[in-house]
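Visitor: For reference, this is start07.pdb, and it has PDB, C-alpha atoms and all ligand atoms.
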ATOM      1  CA  MET A  20      21.256  10.333  -4.827
ATOM      2  CA  ARG A  21      17.847  10.317  -3.307
ATOM      3  CA  GLN A  22      17.058   8.213  -0.305
ATOM      4  CA  LYS A  23      14.004   6.167  -0.826
ATOM      5  CA  ASN A  24      10.932   7.945   0.517
ATOM      6  CA  GLU A  25      13.008  10.991   1.115
ATOM      7  CA  LEU A  26      10.871  14.052   0.896
ATOM      8  CA  PRO A  27      12.271  16.915  -1.105
ATOM      9  CA  ALA A  28      14.695  19.160   0.663
ATOM     10  CA  ALA A  29      13.391  22.556   1.605
ATOM     11  CA  GLY A  30      13.723  24.996  -1.193
ATOM     12  CA  THR A  31      14.085  22.388  -3.926
ATOM     13  CA  SER A  32      10.600  22.694  -5.167
ATOM     14  CA  SER A  33       7.283  24.228  -4.660
ATOM     15  CA  PRO A  34       4.844  23.634  -3.226
ATOM     16  CA  LYS A  35       5.971  21.763  -0.129
ATOM     17  CA  TYR A  36       3.281  19.237   0.400
ATOM     18  CA  SER A  37       3.419  18.288   4.023
ATOM     19  CA  GLY A  38       1.941  14.868   3.441
ATOM     20  CA  GLU A  39      -0.375  15.480   6.378
ATOM     21  CA  SER A  40      -3.678  14.758   4.789
ATOM     22  CA  PRO A  41      -6.230  13.703   7.383
ATOM     23  CA  ARG A  42      -7.936  11.375   4.918
ATOM     24  CA  ARG A  43      -4.921   9.264   4.133
ATOM     25  CA  GLU A  44      -5.440   5.633   4.895
ATOM     26  CA  GLY A  45      -2.599   4.190   2.864
ATOM     27  CA  LYS A  46      -4.265   0.829   2.597
ATOM     28  CA  SER A  47      -4.297   0.565  -1.141
ATOM     29  CA  ARG A  48      -1.735  -1.581  -2.818
ATOM     30  CA  ILE A  49      -0.139   0.530  -5.495
ATOM     31  CA  ILE A  50       1.012  -1.255  -8.601
ATOM     32  CA  THR A  51       2.829   0.839 -11.138
ATOM     33  CA  VAL A  52       3.146  -0.477 -14.659
ATOM     34  CA  THR A  53       5.932   1.015 -16.679
ATOM     35  CA  SER A  54       8.419   0.290 -19.440
ATOM     36  CA  GLY A  55      11.503   1.752 -21.025
ATOM     37  CA  LYS A  56      10.177   1.518 -24.547
ATOM     38  CA  GLY A  57       6.717   2.613 -25.598
ATOM     39  CA  GLY A  58       4.088   0.363 -27.092
ATOM     40  CA  VAL A  59       5.126  -2.797 -25.258
ATOM     41  CA  GLY A  60       1.680  -3.412 -23.754
ATOM     42  CA  LYS A  61       1.445  -1.392 -20.508
ATOM     43  CA  THR A  62      -2.117  -0.248 -20.958
ATOM     44  CA  ASN A  63      -3.275  -3.719 -21.943
ATOM     45  CA  LEU A  64      -1.558  -5.216 -18.936
ATOM     46  CA  SER A  65      -2.890  -2.538 -16.553
ATOM     47  CA  VAL A  66      -6.488  -2.928 -17.646
ATOM     48  CA  ASN A  67      -6.527  -6.711 -17.893
ATOM     49  CA  MET A  68      -4.623  -7.165 -14.673
ATOM     50  CA  ALA A  69      -7.240  -4.941 -13.033
ATOM     51  CA  LEU A  70      -9.953  -7.246 -14.316
ATOM     52  CA  ALA A  71      -8.144 -10.302 -13.030
ATOM     53  CA  PHE A  72      -7.854  -8.697  -9.588
ATOM     54  CA  ALA A  73     -11.523  -7.680  -9.692
ATOM     55  CA  ARG A  74     -12.454 -11.274 -10.397
ATOM     56  CA  ILE A  75     -10.891 -12.346  -7.151
ATOM     57  CA  GLY A  76     -12.923  -9.762  -5.304
ATOM     58  CA  LYS A  77     -10.620  -6.764  -5.201
ATOM     59  CA  LYS A  78     -11.781  -3.219  -5.579
ATOM     60  CA  VAL A  79      -9.544  -1.861  -8.293
ATOM     61  CA  VAL A  80      -8.956   1.548  -9.785
ATOM     62  CA  VAL A  81      -6.872   2.013 -12.898
ATOM     63  CA  MET A  82      -5.372   5.438 -13.061
ATOM     64  CA  ASP A  83      -4.162   6.673 -16.387
ATOM     65  CA  ALA A  84      -1.009   8.532 -15.480
ATOM     66  CA  ASP A  85       0.152   8.934 -19.028
ATOM     67  CA  LEU A  86      -0.477  12.605 -18.780
ATOM     68  CA  GLY A  87       0.354  13.321 -22.376
ATOM     69  CA  LEU A  88      -1.489  10.581 -24.217
ATOM     70  CA  ALA A  89      -4.322   9.145 -22.218
ATOM     71  CA  ASN A  90      -5.504   5.813 -23.503
ATOM     72  CA  VAL A  91      -7.002   3.646 -20.769
ATOM     73  CA  ASN A  92     -10.402   5.040 -21.621
ATOM     74  CA  VAL A  93      -9.836   4.469 -25.334
ATOM     75  CA  MET A  94      -9.055   0.838 -24.647
ATOM     76  CA  LEU A  95     -12.376   0.563 -22.827
ATOM     77  CA  ASN A  96     -14.322   2.538 -25.398
ATOM     78  CA  MET A  97     -15.267   5.141 -22.882
ATOM     79  CA  ILE A  98     -15.266   8.841 -23.341
ATOM     80  CA  PRO A  99     -15.423  10.209 -19.845
ATOM     81  CA  LYS A 100     -16.691  13.722 -19.946
ATOM     82  CA  TYR A 101     -14.144  14.771 -17.390
ATOM     83  CA  ASN A 102     -10.606  13.714 -16.640
ATOM     84  CA  LEU A 103      -7.603  14.650 -14.541
ATOM     85  CA  TYR A 104      -7.377  17.949 -16.290
ATOM     86  CA  HIS A 105     -10.664  18.999 -14.714
ATOM     87  CA  VAL A 106      -9.466  17.904 -11.291
ATOM     88  CA  ILE A 107      -6.272  19.837 -11.710
ATOM     89  CA  LYS A 108      -8.261  22.839 -12.842
ATOM     90  CA  LYS A 109     -10.548  22.412  -9.842
ATOM     91  CA  GLN A 110     -13.601  22.063 -11.980
ATOM     92  CA  LYS A 111     -14.382  18.562 -10.736
ATOM     93  CA  THR A 112     -13.603  16.338  -7.805
ATOM     94  CA  ILE A 113     -11.951  12.982  -8.164
ATOM     95  CA  ARG A 114     -15.186  11.280  -7.161
ATOM     96  CA  GLU A 115     -16.919  13.035  -9.995
ATOM     97  CA  ILE A 116     -14.372  11.990 -12.581
ATOM     98  CA  MET A 117     -13.823   8.417 -11.403
ATOM     99  CA  VAL A 118     -15.882   6.281 -13.689
ATOM    100  CA  GLU A 119     -17.130   2.793 -13.035
ATOM    101  CA  THR A 120     -16.818   0.569 -16.027
ATOM    102  CA  GLU A 121     -19.084  -2.266 -17.024
ATOM    103  CA  TYR A 122     -16.247  -4.640 -16.128
ATOM    104  CA  GLY A 123     -16.266  -4.149 -12.376
ATOM    105  CA  ILE A 124     -13.284  -1.836 -12.236
ATOM    106  CA  SER A 125     -13.117   1.936 -12.002
ATOM    107  CA  ILE A 126     -10.930   4.208 -14.021
ATOM    108  CA  VAL A 127      -9.525   7.646 -13.566
ATOM    109  CA  ALA A 128      -9.117   9.027 -17.036
ATOM    110  CA  GLY A 129      -5.896  10.754 -17.927
ATOM    111  CA  ALA A 130      -5.578  14.302 -19.099
ATOM    112  CA  SER A 131      -4.977  13.694 -22.750
ATOM    113  CA  GLY A 132      -2.867  16.329 -24.357
ATOM    114  CA  PHE A 133      -2.213  17.985 -21.052
ATOM    115  CA  SER A 134       1.448  17.452 -20.451
ATOM    116  CA  GLN A 135       1.970  20.604 -18.442
ATOM    117  CA  ILE A 136       1.264  19.021 -15.095
ATOM    118  CA  ALA A 137       4.596  20.261 -13.789
ATOM    119  CA  ASN A 138       3.415  23.775 -14.421
ATOM    120  CA  MET A 139       0.483  23.639 -12.081
ATOM    121  CA  ASN A 140       0.446  26.407  -9.590
ATOM    122  CA  ASP A 141       0.537  25.748  -5.854
ATOM    123  CA  GLU A 142      -3.170  25.882  -5.367
ATOM    124  CA  GLU A 143      -3.842  23.564  -8.282
ATOM    125  CA  ARG A 144      -1.374  21.013  -6.979
ATOM    126  CA  ARG A 145      -2.744  21.129  -3.471
ATOM    127  CA  ASN A 146      -6.265  20.708  -4.708
ATOM    128  CA  PHE A 147      -5.214  17.817  -6.876
ATOM    129  CA  ILE A 148      -3.402  16.090  -4.027
ATOM    130  CA  ASN A 149      -6.333  16.431  -1.683
ATOM    131  CA  GLU A 150      -8.628  15.056  -4.305
ATOM    132  CA  PHE A 151      -6.442  12.062  -4.968
ATOM    133  CA  ASP A 152      -6.503  10.909  -1.406
ATOM    134  CA  THR A 153     -10.004   9.640  -2.047
ATOM    135  CA  LEU A 154      -8.510   6.815  -4.089
ATOM    136  CA  SER A 155      -7.167   5.294  -0.896
ATOM    137  CA  SER A 156     -10.423   3.402  -0.447
ATOM    138  CA  ALA A 157      -9.492   1.033  -3.271
ATOM    139  CA  ASP A 158      -7.801  -2.276  -2.517
ATOM    140  CA  ILE A 159      -5.559  -1.862  -5.506
ATOM    141  CA  ILE A 160      -4.569   1.154  -7.549
ATOM    142  CA  ILE A 161      -2.941   0.280 -10.836
ATOM    143  CA  ILE A 162      -1.064   3.164 -12.349
ATOM    144  CA  ASP A 163      -0.517   2.987 -16.068
ATOM    145  CA  THR A 164       2.415   5.300 -16.725
ATOM    146  CA  SER A 165       3.943   6.624 -19.860
ATOM    147  CA  ALA A 166       7.054   4.897 -21.153
ATOM    148  CA  GLY A 167      10.497   6.164 -20.284
ATOM    149  CA  VAL A 168      12.185   7.795 -17.400
ATOM    150  CA  SER A 169      10.644  11.168 -16.750
ATOM    151  CA  SER A 170      10.882  12.155 -13.112
ATOM    152  CA  ASN A 171       7.117  11.885 -12.758
ATOM    153  CA  VAL A 172       7.276   8.275 -13.826
ATOM    154  CA  LEU A 173      10.179   7.652 -11.470
ATOM    155  CA  ASP A 174       8.223   9.016  -8.570
ATOM    156  CA  PHE A 175       5.255   6.830  -9.370
ATOM    157  CA  ILE A 176       7.608   3.880  -9.484
ATOM    158  CA  ALA A 177       9.328   4.844  -6.262
ATOM    159  CA  ALA A 178       6.125   5.057  -4.288
ATOM    160  CA  ALA A 179       4.664   1.829  -5.609
ATOM    161  CA  ASP A 180       4.356  -1.358  -3.638
ATOM    162  CA  ASP A 181       5.012  -3.253  -6.808
ATOM    163  CA  ALA A 182       6.777  -1.659  -9.723
ATOM    164  CA  VAL A 183       6.069  -3.777 -12.753
ATOM    165  CA  ILE A 184       8.550  -3.261 -15.554
ATOM    166  CA  LEU A 185       7.251  -4.530 -18.834
ATOM    167  CA  THR A 186       9.358  -5.509 -21.797
ATOM    168  CA  THR A 187       9.020  -7.576 -24.915
ATOM    169  CA  PRO A 188      11.718  -9.940 -26.184
ATOM    170  CA  GLU A 189      12.844  -7.291 -28.683
ATOM    171  CA  PRO A 190      16.436  -6.212 -28.016
ATOM    172  CA  THR A 191      15.464  -2.527 -28.052
ATOM    173  CA  ALA A 192      12.744  -3.078 -25.458
ATOM    174  CA  ILE A 193      15.100  -5.131 -23.291
ATOM    175  CA  THR A 194      17.795  -2.458 -23.462
ATOM    176  CA  ASP A 195      15.294   0.236 -22.526
ATOM    177  CA  ALA A 196      13.855  -1.857 -19.697
ATOM    178  CA  TYR A 197      17.335  -2.370 -18.358
ATOM    179  CA  GLY A 198      17.864   1.377 -18.707
ATOM    180  CA  ILE A 199      14.901   2.194 -16.510
ATOM    181  CA  ILE A 200      15.909  -0.405 -13.925
ATOM    182  CA  LYS A 201      19.390   1.107 -13.857
ATOM    183  CA  ILE A 202      18.005   4.576 -13.323
ATOM    184  CA  ILE A 203      15.808   3.346 -10.488
ATOM    185  CA  ALA A 204      18.822   1.673  -8.912
ATOM    186  CA  THR A 205      21.001   4.765  -9.217
ATOM    187  CA  GLU A 206      18.284   7.112  -8.138
ATOM    188  CA  TYR A 207      17.238   5.402  -4.956
ATOM    189  CA  GLU A 208      19.356   3.954  -2.232
ATOM    190  CA  ASN A 209      18.020   1.079  -0.183
ATOM    191  CA  LEU A 210      15.485   0.220  -2.772
ATOM    192  CA  ASN A 211      13.026  -2.071  -1.085
ATOM    193  CA  MET A 212       9.993  -2.059  -3.292
ATOM    194  CA  GLY A 213       9.142  -5.131  -5.228
ATOM    195  CA  LEU A 214      10.662  -4.623  -8.632
ATOM    196  CA  LYS A 215       8.881  -7.029 -10.933
ATOM    197  CA  LEU A 216       9.454  -8.015 -14.505
ATOM    198  CA  VAL A 217       6.867  -9.136 -17.034
ATOM    199  CA  VAL A 218       7.784 -10.191 -20.550
ATOM    200  CA  ASN A 219       5.007  -9.448 -23.006
ATOM    201  CA  LYS A 220       4.564 -10.759 -26.541
ATOM    202  CA  ALA A 221       6.627 -13.847 -25.807
ATOM    203  CA  LYS A 222       6.527 -16.716 -28.283
ATOM    204  CA  SER A 223       6.780 -19.307 -25.524
ATOM    205  CA  ALA A 224       7.414 -19.711 -21.824
ATOM    206  CA  ALA A 225      11.041 -20.451 -22.651
ATOM    207  CA  ASP A 226      11.245 -17.249 -24.689
ATOM    208  CA  GLY A 227       9.957 -15.218 -21.719
ATOM    209  CA  LYS A 228      12.225 -16.975 -19.269
ATOM    210  CA  LYS A 229      15.276 -16.418 -21.430
ATOM    211  CA  VAL A 230      14.648 -12.667 -21.449
ATOM    212  CA  ALA A 231      13.917 -12.652 -17.733
ATOM    213  CA  ASP A 232      17.010 -14.650 -16.832
ATOM    214  CA  ARG A 233      19.151 -12.249 -18.761
ATOM    215  CA  MET A 234      17.597  -9.178 -17.190
ATOM    216  CA  THR A 235      17.506 -10.459 -13.643
ATOM    217  CA  SER A 236      21.086 -11.669 -13.752
ATOM    218  CA  ILE A 237      22.402  -8.423 -15.253
ATOM    219  CA  ALA A 238      20.455  -6.412 -12.650
ATOM    220  CA  GLY A 239      21.829  -8.602  -9.874
ATOM    221  CA  GLN A 240      25.368  -8.612 -11.157
ATOM    222  CA  PHE A 241      25.815  -4.974 -12.145
ATOM    223  CA  LEU A 242      23.249  -3.163 -10.045
ATOM    224  CA  ASN A 243      23.019  -5.470  -7.066
ATOM    225  CA  LEU A 244      19.288  -5.284  -7.522
ATOM    226  CA  LYS A 245      16.778  -8.046  -7.136
ATOM    227  CA  VAL A 246      14.225  -8.161  -9.889
ATOM    228  CA  ASP A 247      11.506 -10.794  -9.596
ATOM    229  CA  TYR A 248      10.223 -12.407 -12.708
ATOM    230  CA  LEU A 249       6.445 -12.335 -12.505
ATOM    231  CA  GLY A 250       5.798 -14.139 -15.725
ATOM    232  CA  PHE A 251       5.242 -13.747 -19.426
ATOM    233  CA  ILE A 252       2.318 -13.043 -21.712
ATOM    234  CA  TYR A 253       2.051 -14.814 -25.023
ATOM    235  CA  GLU A 254       2.015 -12.858 -28.197
ATOM    236  CA  ASP A 255      -1.599 -13.440 -28.987
ATOM    237  CA  GLN A 256      -3.816 -12.176 -31.767
ATOM    238  CA  SER A 257      -6.685 -11.997 -29.295
ATOM    239  CA  VAL A 258      -4.953  -8.995 -27.748
ATOM    240  CA  SER A 259      -4.826  -6.892 -30.883
ATOM    241  CA  GLN A 260      -8.332  -8.002 -31.831
ATOM    242  CA  ALA A 261      -9.621  -6.927 -28.436
ATOM    243  CA  VAL A 262      -7.822  -3.598 -28.772
ATOM    244  CA  LEU A 263      -9.609  -3.043 -32.081
ATOM    245  CA  ARG A 264     -12.924  -3.834 -30.410
ATOM    246  CA  GLN A 265     -12.008  -1.529 -27.537
ATOM    247  CA  LYS A 266     -12.631  -4.209 -24.966
ATOM    248  CA  PRO A 267     -10.247  -5.950 -22.579
ATOM    249  CA  PHE A 268      -9.034  -9.301 -23.916
ATOM    250  CA  MET A 269      -9.931 -10.848 -20.570
ATOM    251  CA  VAL A 270     -13.513 -10.074 -21.567
ATOM    252  CA  THR A 271     -13.505 -10.823 -25.290
ATOM    253  CA  ASP A 272     -11.522 -14.015 -24.884
ATOM    254  CA  PRO A 273     -11.143 -15.070 -21.259
ATOM    255  CA  LYS A 274      -9.623 -18.403 -22.239
ATOM    256  CA  CYS A 275      -7.067 -17.069 -24.682
ATOM    257  CA  LYS A 276      -3.381 -17.570 -23.979
ATOM    258  CA  ALA A 277      -2.859 -13.947 -22.979
ATOM    259  CA  SER A 278      -5.771 -14.033 -20.507
ATOM    260  CA  ILE A 279      -4.470 -17.184 -18.850
ATOM    261  CA  CYS A 280      -1.027 -15.583 -18.554
ATOM    262  CA  VAL A 281      -2.435 -12.439 -16.934
ATOM    263  CA  GLN A 282      -4.356 -14.580 -14.451
ATOM    264  CA  HIS A 283      -1.160 -16.388 -13.551
ATOM    265  CA  ILE A 284       0.644 -13.100 -13.081
ATOM    266  CA  VAL A 285      -2.076 -11.810 -10.772
ATOM    267  CA  GLU A 286      -2.128 -15.065  -8.802
ATOM    268  CA  ARG A 287       1.612 -14.767  -8.355
ATOM    269  CA  MET A 288       1.290 -11.152  -7.240
ATOM    270  CA  GLU A 289      -1.285 -12.159  -4.674
ATOM    271  CA  ARG A 290       0.935 -14.925  -3.371
ATOM    272  CA  ASN A 291       3.943 -12.656  -3.199
ATOM    273  CA  LYS A 292       2.135  -9.847  -1.473
ATOM    274  CA  THR A 293       4.960  -9.584   0.903
ATOM    275  CA  ARG A 294       5.746  -5.984   0.966
ATOM    276  CA  GLU A 295       4.804  -4.238   4.144
ATOM    277  CA  LYS A 296       3.168  -0.826   3.823
ATOM    278  CA  GLU A 297       5.912   1.067   5.527
ATOM    279  CA  LYS A 298       5.881   3.812   2.952
ATOM    280  CA  GLY A 299       2.460   5.158   3.756
ATOM    281  CA  GLY A 300       0.705   4.399   0.508
ATOM    282  CA  PHE A 301      -0.744   6.805  -1.903
ATOM    283  CA  GLY A 302      -0.231   9.890   0.181
ATOM    284  CA  VAL A 303       3.510   9.406   0.037
ATOM    285  CA  LEU A 304       3.308   8.871  -3.658
ATOM    286  CA  LEU A 305       1.585  12.180  -3.993
ATOM    287  CA  SER A 306       3.934  14.006  -1.732
ATOM    288  CA  ARG A 307       6.823  12.699  -3.817
ATOM    289  CA  PHE A 308       5.110  13.378  -7.083
ATOM    290  CA  PHE A 309       4.034  16.852  -6.279
ATOM    291  CA  GLY A 310       6.718  17.761  -3.837
ATOM    292  CA  GLY A 311       9.102  17.663  -6.756
ATOM    293  CA  ASN A 312      12.553  16.162  -6.831
ATOM    294  CA  SER A 313      16.083  16.970  -7.631
ATOM    295  CA  LYS A 314      15.992  15.675 -11.187
TER     296      LYS A 314
HETATM  297  N1  LIG A 401       0.471  -9.981 -25.796
HETATM  298  C1  LIG A 401       0.243  -9.320 -26.946
HETATM  299  N2  LIG A 401       0.062  -9.993 -28.103
HETATM  300  C2  LIG A 401      -0.161  -9.347 -29.255
HETATM  301  N3  LIG A 401      -0.224  -8.020 -29.362
HETATM  302  C3  LIG A 401      -0.042  -7.287 -28.253
HETATM  303  C4  LIG A 401       0.180  -7.889 -26.983
HETATM  304  N4  LIG A 401       0.310  -6.897 -26.060
HETATM  305  C5  LIG A 401       0.167  -5.746 -26.729
HETATM  306  N5  LIG A 401      -0.058  -5.966 -28.035
HETATM  307  C6  LIG A 401      -0.234  -4.951 -29.091
HETATM  308  O1  LIG A 401       0.578  -3.854 -28.799
HETATM  309  C7  LIG A 401      -0.167  -2.660 -28.887
HETATM  310  C8  LIG A 401       0.318  -1.680 -27.836
HETATM  311  O2  LIG A 401      -0.173  -2.075 -26.573
HETATM  312  P1  LIG A 401      -0.425  -1.020 -25.410
HETATM  313  O3  LIG A 401      -1.185   0.149 -25.917
HETATM  314  O4  LIG A 401      -0.971  -1.762 -24.250
HETATM  315  O5  LIG A 401       1.081  -0.577 -25.147
HETATM  316  P2  LIG A 401       1.604   0.595 -24.202
HETATM  317  O6  LIG A 401       2.893   0.111 -23.628
HETATM  318  O7  LIG A 401       0.555   1.012 -23.268
HETATM  319  O8  LIG A 401       1.875   1.751 -25.254
HETATM  320  P3  LIG A 401       2.237   3.286 -24.914
HETATM  321  O9  LIG A 401       3.686   3.293 -24.500
HETATM  322  O10 LIG A 401       2.019   3.968 -26.225
HETATM  323  O11 LIG A 401       1.311   3.740 -23.836
HETATM  324  C9  LIG A 401      -1.622  -3.055 -28.724
HETATM  325  O12 LIG A 401      -2.447  -2.235 -29.505
HETATM  326  C10 LIG A 401      -1.675  -4.476 -29.182
HETATM  327  O13 LIG A 401      -2.087  -4.525 -30.509
HETATM  328 MG    MG A 402      -0.296   2.926 -22.865
END
For this file, write the structure as structure tokens.

Guide:
Amino acid sequence: MRQKNELPAAGTSSPKYSGESPRREGKSRIITVTSGKGGVGKTNLSVNMALAFARIGKKVVVMDADLGLANVNVMLNMIPKYNLYHVIKKQKTIREIMVETEYGISIVAGASGFSQIANMNDEERRNFINEFDTLSSADIIIIDTSAGVSSNVLDFIAAADDAVILTTPEPTAITDAYGIIKIIATEYENLNMGLKLVVNKAKSAADGKKVADRMTSIAGQFLNLKVDYLGFIYEDQSVSQAVLRQKPFMVTDPKCKASICVQHIVERMERNKTREKEKGGFGVLLSRFFGGNSK
């Protein structure tokens, strides 16, 4: 079992990132959005949550960490010329690929179709890590991950200040969400990040709460793990309509049920911003991510 924040043991992986970047500030609040099952609304939540944070004055970057199928930019109808692939390949710097959107948030586009990140050579990884440190100037970095429990996703979750697990009321999504929570619990001792649950596509507040009660009590009972219920998002046609228009629903319909729910979630996250930054922020994330792990 890995200790939380444990750096990889010598010889377990390469390269050994020392984590000694001089630029690391570690001030950014890292919010990772993930799910067990795919298609439950992670990218919608990431982007719209970013907008809600921006509206209360935060400097927000959404990073598309779905390294196989990048879609943050698709949701915003942007075709950035460059993406993480070019950073990895040292053709561009992170500053050059970070794109400001018309909505007051910035995005780092994912490397669509480039799932070989684990195969980067030492120099590529080091370059990538150094480049990523520049994101530390943001107040909030929202990481939209791929679904499921790959070790990359786990490391993003482990280094987050807030790990938001998203599910829908569907039994399959709930089972998969529980699965990822269980893996997090088994993988890391002394888990002290804020593990947060959001129920998307709920029919009512009661519907969301029912799912949350079930999940939080099972996690408490069987995993001895505290999972905070952050709130629910209504199943709302405005969401799918906005997706078709390639605009955030917070923009196309700021008063729709889903937008109001996202605002509530963000308000709650701001209120509960309890977690101290003892982990060292994004630099630690990167050292974990690129330092490799035992899985
Ligand atoms: N609250 C909602 N109400 C209605 N439809 C929704 C809602 N949230 C998401 N959807 C629908 O679900 C689809 C999938 O959403 P999204 O792309 O955000 O999921 P995802 O978890 O990021 O998927 P993936 O795992 O493929 O990355 C959207 O295209 C949208 O139509
Ligand atoms: Mg997605």

Visitor: Output the neighbourhood of ligand MG 402 (chain A) as a PyMOL selection string, that is, all protein and nucleic acid residues with some atom at most 8 Å from the ligand, counting all atoms listed in the file.

Guide: chain A and resi 57-58+60-63+85+88-91+163-166

Visitor: Which residue, A:Gly213, A:Gly123, A:Pro190, A:Gly167, has the smallest gap to ligand LIG 401 (chain A) when you use only C-alpha atoms and all ligand atoms?

Guide: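 Looking at the shortest contact to ligand LIG 401 (chain A), the residue is A:Gly167.
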
Visitor: Using all atoms listed in the file, which residue out of A:Val262, A:Ile252, A:Ile203, A:Val281 lies closest to Ala225 of chain A?

Guide: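 Closest to Ala225 of chain A, using all atoms listed in the file: A:Ile252.
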
Visitor: Output as lines of an AutoDock Vina configuration file the centre and edge lengths (Å, one decimal) of the box along x, y and z of the file that holds every listed atom of ligand LIG 401 (chain A) after adding 5 Å on each side.

Guide:
center_x = 0.6
center_y = -3.0
center_z = -26.9
size_x = 16.1
size_y = 24.0
size_z = 17.2

Visitor: With only C-alpha atoms counted, which protein, DNA or RNA residues have an atom no more than 7 Å from (-1.2, 2.0, -5.0) in the file frame? Please answer as a list of chain:residue names.

Guide: A:Ser47, A:Arg48, A:Ile49, A:Ile50, A:Ile159, A:Ile160, A:Ile161, A:Ala179, A:Asp180, A:Gly300, A:Phe301

Visitor: Just so the selection is clear, what residues does the PyMOL selection byres (((chain A and resi 121) around 12) and not hetatm) cover here, as a count of residues only?

Guide: 16

Visitor: What does the distance between atom CA of Asn219 of chain A and atom CA of Val246 of chain A come to in Å, to one decimal place?

Guide: 16.1 Å

Visitor: Report, in Å with one decimal, the straight-line distance from atom CA of Glu286 of chain A to atom CA of Arg74 of chain A.

Guide: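 That distance, rounded to one decimal, is 11.1 Å.
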
Visitor: Got a sec to resolve the PyMOL selection byres (((chain A and resi 273) around 12) and not hetatm) on this structure and send the residues as a PyMOL selection string?

Guide: chain A and resi 67+70-71+74+257-258+261+266-272+274-282

Visitor: For Ala130 of chain A, which of A:Lys111, A:His105, A:Lys222, A:Lys78 is the closest residue, counting only C-alpha atoms?

Guide: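 For Ala130 of chain A, the nearest of the given residues is A:His105.
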
Visitor: Identify which of the residues A:Ala182, A:Met68, A:Val285, A:Val59 lies closest to ligand LIG 401 (chain A), counting only C-alpha atoms and all ligand atoms when measuring atom-to-atom distances.

Guide: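 Closest to ligand LIG 401 (chain A), using only C-alpha atoms and all ligand atoms: A:Val59.
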
Visitor: Could you check which of A:Leu263, A:Ile107, A:Ala224, A:Ile200 is closest to ligand LIG 401 (chain A), using all atoms listed in the file?

Guide: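 Of the candidates, the smallest distance to ligand LIG 401 (chain A) is held by A:Leu263.
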
Visitor: Out of A:Val183, A:Ile176, A:Glu254, A:Gln260, which residue has the shortest atom-to-atom distance to ligand LIG 401 (chain A) when counting all atoms listed in the file?

Guide: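 Nearest candidate to ligand LIG 401 (chain A) out of A:Val183, A:Ile176, A:Glu254, A:Gln260: A:Glu254.
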
Visitor: I'd like the interatomic distance between atom CA of Lys229 of chain A and atom CA of Gly250 of chain A, to a tenth of an Å.

Guide: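 Atom CA of Gly250 of chain A lies at a distance of 11.3 Å from atom CA of Lys229 of chain A.
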
Visitor: Using all atoms listed in the file, collect all residues at a distance of at most 6 Å from (5.3, -14.2, -7.7) as written in the file, then present them as a short mmCIF file (atom, residue, chain, number, x, y, z; two decimals) with C-alpha atoms, in the frame of the given file.

Guide:
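Final output, point_25.cif:
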data_model
loop_
_atom_site.label_atom_id
_atom_site.label_comp_id
_atom_site.auth_asym_id
_atom_site.auth_seq_id
_atom_site.Cartn_x
_atom_site.Cartn_y
_atom_site.Cartn_z
CA LEU A 249 6.44 -12.34 -12.50
CA ARG A 287 1.61 -14.77 -8.36
CA MET A 288 1.29 -11.15 -7.24
CA ASN A 291 3.94 -12.66 -3.20
#

Visitor: If you count all atoms listed in the file, which residues fall within 10 Å of Leu242 of chain A, apart from same-chain ones fewer than 4 positions away, as a ChimeraX atom specification?

Guide: /A:200-205,235-238

Visitor: Identify all residues satisfying the PyMOL selection byres (((chain A and resi 193-196) around 10) and not hetatm) in the given file; provide them as JSON, numbers by chain.

Guide: {"A": [53, 54, 55, 56, 57, 166, 167, 168, 184, 185, 186, 187, 188, 189, 190, 191, 192, 197, 198, 199, 200, 201, 202, 216, 218, 230, 231, 233, 234]}
